[in-house]
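For reference, target_11.cif is printed below; it contains mmCIF, C-alpha atoms.
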data_run
#
loop_
_atom_site.group_PDB
_atom_site.id
_atom_site.type_symbol
_atom_site.label_atom_id
_atom_site.label_comp_id
_atom_site.auth_asym_id
_atom_site.auth_seq_id
_atom_site.Cartn_x
_atom_site.Cartn_y
_atom_site.Cartn_z
ATOM 1 C CA MET A 1095 -9.088 0.903 21.638
ATOM 2 C CA GLY A 1096 -11.930 -1.135 23.122
ATOM 3 C CA ASP A 1097 -11.975 -4.819 23.964
ATOM 4 C CA SER A 1098 -14.506 -7.207 22.519
ATOM 5 C CA PRO A 1099 -17.369 -7.815 24.959
ATOM 6 C CA THR A 1100 -17.445 -11.216 26.615
ATOM 7 C CA CYS A 1101 -21.212 -11.388 26.097
ATOM 8 C CA THR A 1102 -23.287 -10.012 23.264
ATOM 9 C CA ALA A 1103 -26.752 -9.544 24.804
ATOM 10 C CA ALA A 1104 -27.463 -5.865 24.243
ATOM 11 C CA PRO A 1105 -30.323 -3.538 23.300
ATOM 12 C CA ALA A 1106 -31.279 -3.205 19.650
ATOM 13 C CA ALA A 1107 -30.384 0.115 17.990
ATOM 14 C CA ALA A 1108 -33.960 1.458 18.160
ATOM 15 C CA GLU A 1109 -34.266 0.665 21.871
ATOM 16 C CA ARG A 1110 -30.851 2.153 22.559
ATOM 17 C CA ALA A 1111 -31.790 5.326 20.675
ATOM 18 C CA ARG A 1112 -35.029 5.664 22.631
ATOM 19 C CA SER A 1113 -33.104 5.126 25.885
ATOM 20 C CA VAL A 1114 -30.650 7.916 25.039
ATOM 21 C CA LEU A 1115 -33.594 10.175 24.275
ATOM 22 C CA ALA A 1116 -35.441 9.256 27.479
ATOM 23 C CA ALA A 1117 -32.490 9.850 29.790
ATOM 24 C CA ALA A 1118 -31.041 12.982 28.159
ATOM 25 C CA TRP A 1119 -31.421 16.214 30.109
ATOM 26 C CA SER A 1120 -30.273 18.561 27.371
ATOM 27 C CA CYS A 1121 -30.181 18.787 23.612
ATOM 28 C CA ALA A 1122 -28.588 20.912 20.931
ATOM 29 C CA VAL A 1123 -30.708 22.116 18.010
ATOM 30 C CA THR A 1124 -29.295 23.249 14.683
ATOM 31 C CA ALA A 1125 -31.777 24.986 12.402
ATOM 32 C CA ASP A 1126 -31.679 27.714 9.787
ATOM 33 C CA GLY A 1127 -27.925 28.056 10.159
ATOM 34 C CA GLY A 1128 -28.045 28.637 13.933
ATOM 35 C CA ARG A 1129 -27.457 26.434 16.941
ATOM 36 C CA GLU A 1130 -29.108 26.599 20.362
ATOM 37 C CA GLU A 1131 -28.640 24.534 23.514
ATOM 38 C CA PHE A 1132 -31.696 23.645 25.583
ATOM 39 C CA VAL A 1133 -31.453 22.245 29.124
ATOM 40 C CA GLY A 1134 -34.429 20.604 30.809
ATOM 41 C CA ALA A 1135 -36.714 21.923 28.091
ATOM 42 C CA HIS A 1136 -37.815 18.825 26.193
ATOM 43 C CA THR A 1137 -40.254 15.995 26.713
ATOM 44 C CA VAL A 1138 -40.642 12.835 24.675
ATOM 45 C CA GLY A 1139 -43.865 11.267 23.462
ATOM 46 C CA GLU A 1140 -44.496 7.530 23.329
ATOM 47 C CA ASP A 1141 -43.901 7.626 19.577
ATOM 48 C CA GLY A 1142 -40.531 9.370 19.930
ATOM 49 C CA ARG A 1143 -41.816 12.831 19.084
ATOM 50 C CA VAL A 1144 -39.829 15.538 20.901
ATOM 51 C CA VAL A 1145 -41.568 18.626 22.281
ATOM 52 C CA LEU A 1146 -39.485 21.677 23.205
ATOM 53 C CA ASP A 1147 -40.635 24.484 25.479
ATOM 54 C CA VAL A 1148 -38.809 27.497 24.085
ATOM 55 C CA PRO A 1149 -38.479 31.101 25.310
ATOM 56 C CA ALA A 1150 -40.178 33.842 23.349
ATOM 57 C CA ASP A 1151 -36.840 35.271 22.188
ATOM 58 C CA SER A 1152 -35.559 31.961 20.862
ATOM 59 C CA THR A 1153 -34.148 32.164 17.345
ATOM 60 C CA LEU A 1154 -35.486 28.662 16.806
ATOM 61 C CA LEU A 1155 -39.017 29.836 17.526
ATOM 62 C CA ALA A 1156 -38.561 32.781 15.169
ATOM 63 C CA ALA A 1157 -37.399 30.391 12.439
ATOM 64 C CA ALA A 1158 -40.451 28.193 13.007
ATOM 65 C CA VAL A 1159 -42.869 31.114 12.843
ATOM 66 C CA CYS A 1160 -41.252 32.539 9.709
ATOM 67 C CA ALA A 1161 -40.807 29.257 7.852
ATOM 68 C CA PRO A 1162 -42.821 29.068 4.587
ATOM 69 C CA ARG A 1163 -44.982 26.232 5.908
ATOM 70 C CA GLY A 1164 -44.305 26.915 9.562
ATOM 71 C CA GLU A 1165 -42.183 23.767 9.641
ATOM 72 C CA PRO A 1166 -38.431 24.472 9.529
ATOM 73 C CA SER A 1167 -36.039 21.603 9.101
ATOM 74 C CA ALA A 1168 -33.672 20.967 12.013
ATOM 75 C CA VAL A 1169 -31.222 18.517 13.538
ATOM 76 C CA LEU A 1170 -31.410 17.586 17.214
ATOM 77 C CA GLU A 1171 -28.368 16.158 18.971
ATOM 78 C CA PHE A 1172 -28.375 14.287 22.272
ATOM 79 C CA ALA A 1173 -25.313 13.015 24.139
ATOM 80 C CA ASP A 1174 -25.368 9.955 26.369
ATOM 81 C CA VAL A 1175 -22.836 10.675 29.123
ATOM 82 C CA SER A 1176 -21.639 8.156 31.676
ATOM 83 C CA PRO A 1177 -22.701 9.218 35.200
ATOM 84 C CA VAL A 1178 -19.518 7.616 36.557
ATOM 85 C CA PRO A 1179 -16.284 9.588 35.976
ATOM 86 C CA VAL A 1180 -14.318 7.619 33.398
ATOM 87 C CA ARG A 1181 -12.253 8.417 30.342
ATOM 88 C CA HIS A 1182 -14.268 9.311 27.273
ATOM 89 C CA ARG A 1183 -17.530 9.691 29.179
ATOM 90 C CA ILE A 1184 -19.720 10.117 26.100
ATOM 91 C CA ARG A 1185 -21.056 6.615 25.481
ATOM 92 C CA ALA A 1186 -23.248 7.474 22.500
ATOM 93 C CA ARG A 1187 -24.629 10.350 20.449
ATOM 94 C CA LEU A 1188 -28.064 10.523 18.886
ATOM 95 C CA TRP A 1189 -28.855 12.732 15.895
ATOM 96 C CA MET A 1190 -32.411 13.282 14.700
ATOM 97 C CA ALA A 1191 -33.189 15.186 11.502
ATOM 98 C CA GLY A 1192 -36.741 16.292 10.868
ATOM 99 C CA TRP A 1193 -39.299 19.089 11.070
ATOM 100 C CA PHE A 1194 -40.596 21.440 13.757
ATOM 101 C CA SER A 1195 -44.152 22.663 14.057
ATOM 102 C CA VAL A 1196 -45.436 25.315 16.461
ATOM 103 C CA GLU A 1197 -47.894 24.270 19.171
ATOM 104 C CA ASP A 1198 -49.833 26.542 21.501
ATOM 105 C CA ALA A 1199 -48.842 25.789 25.094
ATOM 106 C CA GLY A 1200 -51.363 28.166 26.665
ATOM 107 C CA GLU A 1201 -48.841 30.342 28.508
ATOM 108 C CA GLY A 1202 -46.012 29.999 26.016
ATOM 109 C CA GLU A 1203 -44.869 28.329 22.846
ATOM 110 C CA ARG A 1204 -43.867 24.759 22.204
ATOM 111 C CA LEU A 1205 -42.169 23.242 19.200
ATOM 112 C CA ALA A 1206 -43.051 19.687 18.246
ATOM 113 C CA PHE A 1207 -40.307 17.812 16.392
ATOM 114 C CA ARG A 1208 -41.056 14.880 14.115
ATOM 115 C CA PRO A 1209 -37.973 12.958 12.972
ATOM 116 C CA THR A 1210 -37.425 11.856 9.396
ATOM 117 C CA ARG A 1211 -33.973 10.342 10.042
ATOM 118 C CA VAL A 1212 -32.403 8.948 13.210
ATOM 119 C CA VAL A 1213 -28.701 8.117 13.560
ATOM 120 C CA LEU A 1214 -27.136 6.513 16.616
ATOM 121 C CA ARG A 1215 -23.361 6.589 17.029
ATOM 122 C CA GLN A 1216 -21.761 4.282 19.582
ATOM 123 C CA THR A 1217 -18.180 3.097 19.993
ATOM 124 C CA SER A 1218 -18.971 0.304 17.544
ATOM 125 C CA GLY A 1219 -19.899 2.839 14.839
ATOM 126 C CA ALA A 1220 -22.885 4.730 13.456
ATOM 127 C CA THR A 1221 -26.263 3.119 12.747
ATOM 128 C CA VAL A 1222 -29.180 4.565 10.821
ATOM 129 C CA VAL A 1223 -32.199 3.556 12.902
ATOM 130 C CA ASP A 1224 -35.294 2.400 11.062
ATOM 131 C CA LEU A 1225 -38.031 4.993 11.684
ATOM 132 C CA ASP A 1226 -40.802 2.442 12.164
ATOM 133 C CA ALA A 1227 -38.648 0.535 14.646
ATOM 134 C CA PHE A 1228 -37.774 3.797 16.428
ATOM 135 C CA THR A 1229 -41.433 4.788 16.716
ATOM 136 C CA ALA A 1230 -42.474 1.357 17.979
ATOM 137 C CA ALA A 1231 -39.570 0.895 20.412
ATOM 138 C CA ALA A 1232 -39.720 1.690 24.100
ATOM 139 C CA PRO A 1233 -36.750 2.969 26.087
ATOM 140 C CA ASP A 1234 -34.964 0.559 28.375
ATOM 141 C CA PRO A 1235 -37.004 0.325 31.614
ATOM 142 C CA LEU A 1236 -33.878 1.185 33.634
ATOM 143 C CA ALA A 1237 -32.853 4.162 31.472
ATOM 144 C CA THR A 1238 -33.986 6.933 33.802
ATOM 145 C CA ALA A 1239 -32.747 5.108 36.916
ATOM 146 C CA GLU A 1240 -29.369 4.145 35.438
ATOM 147 C CA ALA A 1241 -27.427 7.181 36.660
ATOM 148 C CA GLY A 1242 -28.352 6.611 40.297
ATOM 149 C CA LEU A 1243 -27.789 2.868 40.059
ATOM 150 C CA LEU A 1244 -24.318 3.204 38.537
ATOM 151 C CA THR A 1245 -23.075 5.941 40.857
ATOM 152 C CA HIS A 1246 -24.270 3.955 43.889
ATOM 153 C CA LEU A 1247 -22.465 0.857 42.628
ATOM 154 C CA ALA A 1248 -19.256 2.788 41.936
ATOM 155 C CA ASP A 1249 -19.265 4.863 45.133
ATOM 156 C CA CYS A 1250 -20.524 2.320 47.666
ATOM 157 C CA HIS A 1251 -19.735 -1.128 46.304
ATOM 158 C CA GLY A 1252 -16.236 -1.003 44.874
ATOM 159 C CA ASP A 1253 -15.563 -4.436 46.369
ATOM 160 C CA ALA A 1254 -18.466 -5.880 44.367
ATOM 161 C CA VAL A 1255 -17.157 -4.293 41.159
ATOM 162 C CA GLU A 1256 -13.750 -5.849 41.769
ATOM 163 C CA ARG A 1257 -15.350 -9.226 42.454
ATOM 164 C CA LEU A 1258 -17.212 -9.019 39.145
ATOM 165 C CA THR A 1259 -13.893 -8.783 37.318
ATOM 166 C CA ARG A 1260 -13.515 -12.505 38.065
ATOM 167 C CA LEU A 1261 -16.026 -13.002 35.238
ATOM 168 C CA VAL A 1262 -13.816 -11.131 32.775
ATOM 169 C CA GLU A 1263 -11.319 -12.873 30.516
ATOM 170 C CA PRO A 1264 -7.794 -12.424 31.955
ATOM 171 C CA ASP A 1265 -6.495 -11.002 28.674
ATOM 172 C CA SER A 1266 -9.009 -8.146 28.929
ATOM 173 C CA LEU A 1267 -7.628 -7.221 32.355
ATOM 174 C CA HIS A 1268 -3.977 -7.157 31.345
ATOM 175 C CA GLY A 1269 -2.439 -3.864 32.439
ATOM 176 C CA ALA A 1270 -5.655 -2.672 34.104
ATOM 177 C CA VAL A 1271 -5.268 0.131 36.649
ATOM 178 C CA ARG A 1272 -8.951 0.773 37.370
ATOM 179 C CA VAL A 1273 -12.318 -0.843 36.662
ATOM 180 C CA GLN A 1274 -15.580 1.088 36.874
ATOM 181 C CA PRO A 1275 -19.214 0.307 36.024
ATOM 182 C CA VAL A 1276 -19.942 2.415 32.950
ATOM 183 C CA ALA A 1277 -23.404 1.278 31.799
ATOM 184 C CA VAL A 1278 -26.309 -0.906 32.817
ATOM 185 C CA ASP A 1279 -29.530 -1.829 31.053
ATOM 186 C CA ARG A 1280 -32.092 -4.597 31.257
ATOM 187 C CA HIS A 1281 -29.766 -6.946 29.378
ATOM 188 C CA GLY A 1282 -26.501 -6.544 31.288
ATOM 189 C CA LEU A 1283 -23.781 -4.546 33.027
ATOM 190 C CA THR A 1284 -20.810 -2.987 31.235
ATOM 191 C CA LEU A 1285 -17.465 -2.478 32.970
ATOM 192 C CA ARG A 1286 -14.899 0.075 31.801
ATOM 193 C CA ILE A 1287 -11.358 -1.303 32.136
ATOM 194 C CA GLU A 1288 -8.838 1.515 32.211
ATOM 195 C CA ARG A 1289 -5.145 1.059 31.529
ATOM 196 C CA SER A 1290 -2.377 3.632 31.711
ATOM 197 C CA ARG A 1291 -2.881 4.729 28.097
ATOM 198 C CA ALA A 1292 -5.995 2.957 26.864
ATOM 199 C CA HIS A 1293 -9.304 1.540 27.954
ATOM 200 C CA GLY A 1294 -11.810 -1.108 26.945
ATOM 201 C CA ASP A 1295 -15.358 -2.138 27.812
ATOM 202 C CA VAL A 1296 -16.491 -5.614 28.802
ATOM 203 C CA ARG A 1297 -20.147 -6.551 29.022
ATOM 204 C CA LEU A 1298 -21.554 -9.028 31.540
ATOM 205 C CA ALA A 1299 -24.946 -10.265 30.364
ATOM 206 C CA PHE A 1300 -27.754 -11.113 32.767
ATOM 207 C CA HIS A 1301 -29.259 -14.600 32.599
ATOM 208 C CA GLN A 1302 -32.655 -12.924 32.045
ATOM 209 C CA PRO A 1303 -33.611 -9.320 31.232
ATOM 210 C CA ALA A 1304 -34.389 -7.066 34.199
ATOM 211 C CA ASP A 1305 -37.466 -4.882 33.767
ATOM 212 C CA THR A 1306 -37.475 -3.359 37.262
ATOM 213 C CA VAL A 1307 -34.897 -2.225 39.812
ATOM 214 C CA SER A 1308 -35.804 -5.163 42.063
ATOM 215 C CA GLN A 1309 -35.183 -7.560 39.187
ATOM 216 C CA LEU A 1310 -31.887 -5.808 38.507
ATOM 217 C CA THR A 1311 -30.870 -6.389 42.132
ATOM 218 C CA GLU A 1312 -31.561 -10.099 41.707
ATOM 219 C CA ARG A 1313 -29.587 -10.217 38.439
ATOM 220 C CA MET A 1314 -26.633 -8.490 40.106
ATOM 221 C CA HIS A 1315 -26.707 -10.983 42.988
ATOM 222 C CA THR A 1316 -26.605 -13.801 40.440
ATOM 223 C CA LEU A 1317 -23.532 -12.283 38.758
ATOM 224 C CA LEU A 1318 -21.825 -11.821 42.125
ATOM 225 C CA THR A 1319 -22.573 -15.425 43.067
ATOM 226 C CA GLN A 1320 -21.046 -16.582 39.803
ATOM 227 C CA ALA A 1321 -18.054 -14.351 40.427
ATOM 228 C CA GLY A 1322 -17.638 -15.717 43.950
ATOM 229 C CA ALA A 1323 -17.342 -19.222 42.544
ATOM 230 C CA ALA A 1324 -14.740 -18.186 39.965
ATOM 231 C CA CYS A 1325 -10.980 -18.128 40.396
ATOM 232 C CA PRO A 1326 -9.334 -14.850 41.461
ATOM 233 C CA CYS A 1327 -9.024 -12.648 38.410
ATOM 234 C CA ALA A 1328 -5.932 -11.179 36.833
ATOM 235 C CA LEU A 1329 -6.677 -7.786 38.430
ATOM 236 C CA GLN A 1330 -6.636 -9.262 41.929
ATOM 237 C CA ARG A 1331 -3.475 -11.261 41.191
ATOM 238 C CA GLN A 1332 -1.770 -8.102 39.890
ATOM 239 C CA ARG A 1333 -2.574 -6.266 43.119
ATOM 240 C CA ALA A 1334 -1.478 -9.218 45.234
ATOM 241 C CA ASP A 1335 1.823 -9.355 43.377
ATOM 242 C CA GLY A 1336 2.268 -5.625 43.848
ATOM 243 C CA ASP A 1337 1.774 -5.966 47.636
ATOM 244 C CA GLY A 1338 4.290 -8.787 47.861
#
If you took the structure in this file and wrote it as structure tokens, what would it be?
Amino acid sequence: MGDSPTCTAAPAAAERARSVLAAAWSCAVTADGGREEFVGAHTVGEDGRVVLDVPADSTLLAAAVCAPRGEPSAVLEFADVSPVPVRHRIRARLWMAGWFSVEDAGEGERLAFRPTRVVLRQTSGATVVDLDAFTAAAPDPLATAEAGLLTHLADCHGDAVERLTRLVEPDSLHGAVRVQPVAVDRHGLTLRIERSRAHGDVRLAFHQPADTVSQLTERMHTLLTQAGAACPCALQRQRADGDG
């Protein structure tokens, strides 16, 4: 059961969906009753169109070639997985229903997918994303760098993560056994608070959006400065009591 975030600044559903799509390395495609997994085989256009490079023996390609109009219906699924090892690492799932068309790639075949319905499921629930908003949206500027940023923070700056918990409401830290950075975007940092049998996420919003890694560094320094001025948090008091 998750905790309510302390701050609400967060990406809109269309931006979040485009970010999941931009950062995903693999996708699952269900079409004509079959399901195939593709790894490192898709690219994304500025309008959200997905292009798949498929092998010649792909059943998906055969379905596209044999479809009455050459445009089989399909559902694409993308999973947004936390790069930091935490419980329940899947942060979101993106489903896109639509149509494939065959494109000549010169030395192979490509399938271009145009969505007719986009659904984003996060811990807060499922959202049907407006197609015009999805097409017009851009992914978060930190989306493709997020994995490296989070793993560096978790692996090399555990002391900074603990200091940031000073900005978290004490009730949210009750019973906490571990805190890890689980997500970051231009609007803020999300911490995963793990307890012995449950977990919750708390979001720390930046004072201004960060559009570059250098801006993110400045926003993180601001949060750490604020945390340094705050009273020791419940997590630190729990550990101090345990050492006594």
Quiz item: Quick one: of A:Leu1205, A:Ala1321, A:Val1159, A:Ala1232, who's nearest to A:Asp1253, counting all atoms listed in the file?
Solution: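 Counting all atoms listed in the file, the residue closest to A:Asp1253 is A:Ala1321.
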Quiz item: What residues come out when you apply the PyMOL selection byres ((chain A and resi 1293) around 12) to this file, written as a PyMOL selection string?
Solution: chain A and resi 1095-1098+1180-1183+1266-1274+1276+1285-1292+1294-1296
So which residues get picked by the PyMOL selection byres ((chain A and resi 1322) around 10) here, written as a PDB file with C-alpha atoms, in the frame of the given file?
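What ended up in expr_16.pdb:
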ATOM      1  CA  ALA A1254     -18.466  -5.880  44.367  1.00  0.00           C
ATOM      2  CA  ARG A1257     -15.350  -9.226  42.454  1.00  0.00           C
ATOM      3  CA  LEU A1258     -17.212  -9.019  39.145  1.00  0.00           C
ATOM      4  CA  ARG A1260     -13.515 -12.505  38.065  1.00  0.00           C
ATOM      5  CA  LEU A1261     -16.026 -13.002  35.238  1.00  0.00           C
ATOM      6  CA  THR A1316     -26.605 -13.801  40.440  1.00  0.00           C
ATOM      7  CA  LEU A1317     -23.532 -12.283  38.758  1.00  0.00           C
ATOM      8  CA  LEU A1318     -21.825 -11.821  42.125  1.00  0.00           C
ATOM      9  CA  THR A1319     -22.573 -15.425  43.067  1.00  0.00           C
ATOM     10  CA  GLN A1320     -21.046 -16.582  39.803  1.00  0.00           C
ATOM     11  CA  ALA A1321     -18.054 -14.351  40.427  1.00  0.00           C
ATOM     12  CA  ALA A1323     -17.342 -19.222  42.544  1.00  0.00           C
ATOM     13  CA  ALA A1324     -14.740 -18.186  39.965  1.00  0.00           C
ATOM     14  CA  CYS A1325     -10.980 -18.128  40.396  1.00  0.00           C
ATOM     15  CA  PRO A1326      -9.334 -14.850  41.461  1.00  0.00           C
TER      16      PRO A1326
END
Quiz item: Which residues, written as number ranges by chain, have at least one atom at most 12 Å from A:Val1222, with all atoms listed in the file counted and residues fewer than 3 positions away on the same chain left out?
Solution: A: 1106-1108, 1111, 1188-1191, 1210-1216, 1219, 1225-1228
Quiz item: In terms of the shortest atom-to-atom distance over all atoms listed in the file, which of A:Pro1179, A:Pro1149, A:Gly1128, A:Pro1209 is closest to A:Thr1245?
Solution: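 Among A:Pro1179, A:Pro1149, A:Gly1128, A:Pro1209, it is A:Pro1179 that comes nearest to A:Thr1245.
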Quiz item: Smallest atom-to-atom distance to A:His1281: which of A:Asp1141, A:Glu1203, A:Glu1263, A:Asp1305, using only C-alpha atoms?
Solution: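 Closest to A:His1281, using only C-alpha atoms: A:Asp1305.
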Exercise. Quick one: apply the PyMOL selection byres ((chain A and resi 1150) around 12) to the file and drop the selected residues here as a PyMOL selection string.
Key: chain A and resi 1147-1149+1151-1159+1199+1201-1205
Quiz item: Pick the closest to A:Glu1197 from A:Ala1299, A:Leu1146, A:Leu1115, A:Val1307: which is it, counting all atoms listed in the file?
Solution: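 That would be A:Leu1146, the residue with the smallest distance to A:Glu1197.
Comparing A:Val1262, A:Val1169, A:Ala1104, A:Ala1304 by their smallest distance to A:Glu1131, the closest is A:Val1169 (using all atoms listed in the file).
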Quiz item: What is the atom CA of A:Val1123 to atom CA of A:Phe1207 distance in Å?
Solution: 10.6 Å
Please extract stretch 1247-1257 of chain A and write it out with all heavy atoms, as an mmCIF file, in the first residue's frame.
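What landed in selection.cif:
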data_model
loop_
_atom_site.group_PDB
_atom_site.id
_atom_site.type_symbol
_atom_site.label_atom_id
_atom_site.label_comp_id
_atom_site.auth_asym_id
_atom_site.auth_seq_id
_atom_site.Cartn_x
_atom_site.Cartn_y
_atom_site.Cartn_z
ATOM 1 N N LEU A 1247 23.049 7.485 -7.934
ATOM 2 C CA LEU A 1247 22.597 8.034 -6.662
ATOM 3 C C LEU A 1247 22.480 6.941 -5.607
ATOM 4 O O LEU A 1247 22.923 7.107 -4.465
ATOM 5 C CB LEU A 1247 21.250 8.738 -6.854
ATOM 6 C CG LEU A 1247 20.612 9.393 -5.624
ATOM 7 C CD1 LEU A 1247 21.522 10.471 -5.047
ATOM 8 C CD2 LEU A 1247 19.251 9.988 -5.985
ATOM 9 N N ALA A 1248 21.902 5.799 -5.990
ATOM 10 C CA ALA A 1248 21.713 4.706 -5.032
ATOM 11 C C ALA A 1248 23.024 4.047 -4.633
ATOM 12 O O ALA A 1248 23.233 3.720 -3.459
ATOM 13 C CB ALA A 1248 20.758 3.666 -5.617
ATOM 14 N N ASP A 1249 23.926 3.855 -5.597
ATOM 15 C CA ASP A 1249 25.162 3.111 -5.337
ATOM 16 C C ASP A 1249 26.255 3.957 -4.693
ATOM 17 O O ASP A 1249 27.063 3.443 -3.920
ATOM 18 C CB ASP A 1249 25.705 2.508 -6.633
ATOM 19 C CG ASP A 1249 24.790 1.447 -7.224
ATOM 20 O OD1 ASP A 1249 23.921 0.959 -6.478
ATOM 21 O OD2 ASP A 1249 24.932 1.137 -8.415
ATOM 22 N N CYS A 1250 26.288 5.246 -5.026
ATOM 23 C CA CYS A 1250 27.422 6.083 -4.612
ATOM 24 C C CYS A 1250 27.072 7.184 -3.613
ATOM 25 O O CYS A 1250 27.972 7.789 -3.030
ATOM 26 C CB CYS A 1250 28.074 6.729 -5.847
ATOM 27 S SG CYS A 1250 28.619 5.538 -7.084
ATOM 28 N N HIS A 1251 25.795 7.447 -3.436
ATOM 29 C CA HIS A 1251 25.413 8.571 -2.577
ATOM 30 C C HIS A 1251 24.281 8.181 -1.624
ATOM 31 O O HIS A 1251 23.300 8.908 -1.470
ATOM 32 C CB HIS A 1251 24.992 9.765 -3.439
ATOM 33 C CG HIS A 1251 26.093 10.269 -4.322
ATOM 34 N ND1 HIS A 1251 27.168 11.000 -3.845
ATOM 35 C CD2 HIS A 1251 26.297 10.124 -5.662
ATOM 36 C CE1 HIS A 1251 27.989 11.299 -4.846
ATOM 37 N NE2 HIS A 1251 27.482 10.774 -5.957
ATOM 38 N N GLY A 1252 24.460 7.041 -0.959
ATOM 39 C CA GLY A 1252 23.473 6.607 0.009
ATOM 40 C C GLY A 1252 23.282 7.606 1.140
ATOM 41 O O GLY A 1252 22.178 7.761 1.676
ATOM 42 N N ASP A 1253 24.367 8.303 1.511
ATOM 43 C CA ASP A 1253 24.266 9.306 2.571
ATOM 44 C C ASP A 1253 23.360 10.454 2.150
ATOM 45 O O ASP A 1253 22.600 11.001 2.969
ATOM 46 C CB ASP A 1253 25.649 9.832 2.935
ATOM 47 C CG ASP A 1253 26.398 10.407 1.729
ATOM 48 O OD1 ASP A 1253 26.084 10.002 0.588
ATOM 49 O OD2 ASP A 1253 27.296 11.255 1.935
ATOM 50 N N ALA A 1254 23.419 10.824 0.863
ATOM 51 C CA ALA A 1254 22.556 11.903 0.369
ATOM 52 C C ALA A 1254 21.094 11.460 0.358
ATOM 53 O O ALA A 1254 20.207 12.243 0.705
ATOM 54 C CB ALA A 1254 22.993 12.314 -1.037
ATOM 55 N N VAL A 1255 20.848 10.206 -0.012
ATOM 56 C CA VAL A 1255 19.476 9.689 -0.001
ATOM 57 C C VAL A 1255 18.917 9.730 1.416
ATOM 58 O O VAL A 1255 17.782 10.152 1.647
ATOM 59 C CB VAL A 1255 19.421 8.253 -0.564
ATOM 60 C CG1 VAL A 1255 18.023 7.670 -0.417
ATOM 61 C CG2 VAL A 1255 19.843 8.241 -2.029
ATOM 62 N N GLU A 1256 19.734 9.309 2.388
ATOM 63 C CA GLU A 1256 19.267 9.336 3.772
ATOM 64 C C GLU A 1256 19.014 10.761 4.240
ATOM 65 O O GLU A 1256 18.047 11.029 4.965
ATOM 66 C CB GLU A 1256 20.280 8.658 4.682
ATOM 67 C CG GLU A 1256 19.830 8.603 6.128
ATOM 68 C CD GLU A 1256 20.605 7.607 6.951
ATOM 69 O OE1 GLU A 1256 20.936 6.530 6.425
ATOM 70 O OE2 GLU A 1256 20.875 7.902 8.124
ATOM 71 N N ARG A 1257 19.861 11.695 3.811
ATOM 72 C CA ARG A 1257 19.648 13.091 4.202
ATOM 73 C C ARG A 1257 18.347 13.633 3.622
ATOM 74 O O ARG A 1257 17.629 14.405 4.262
ATOM 75 C CB ARG A 1257 20.820 13.956 3.741
ATOM 76 C CG ARG A 1257 20.884 15.309 4.449
ATOM 77 C CD ARG A 1257 21.957 16.221 3.865
ATOM 78 N NE ARG A 1257 23.158 15.482 3.479
ATOM 79 C CZ ARG A 1257 24.091 15.980 2.679
ATOM 80 N NH1 ARG A 1257 23.953 17.203 2.157
ATOM 81 N NH2 ARG A 1257 25.161 15.279 2.366
#
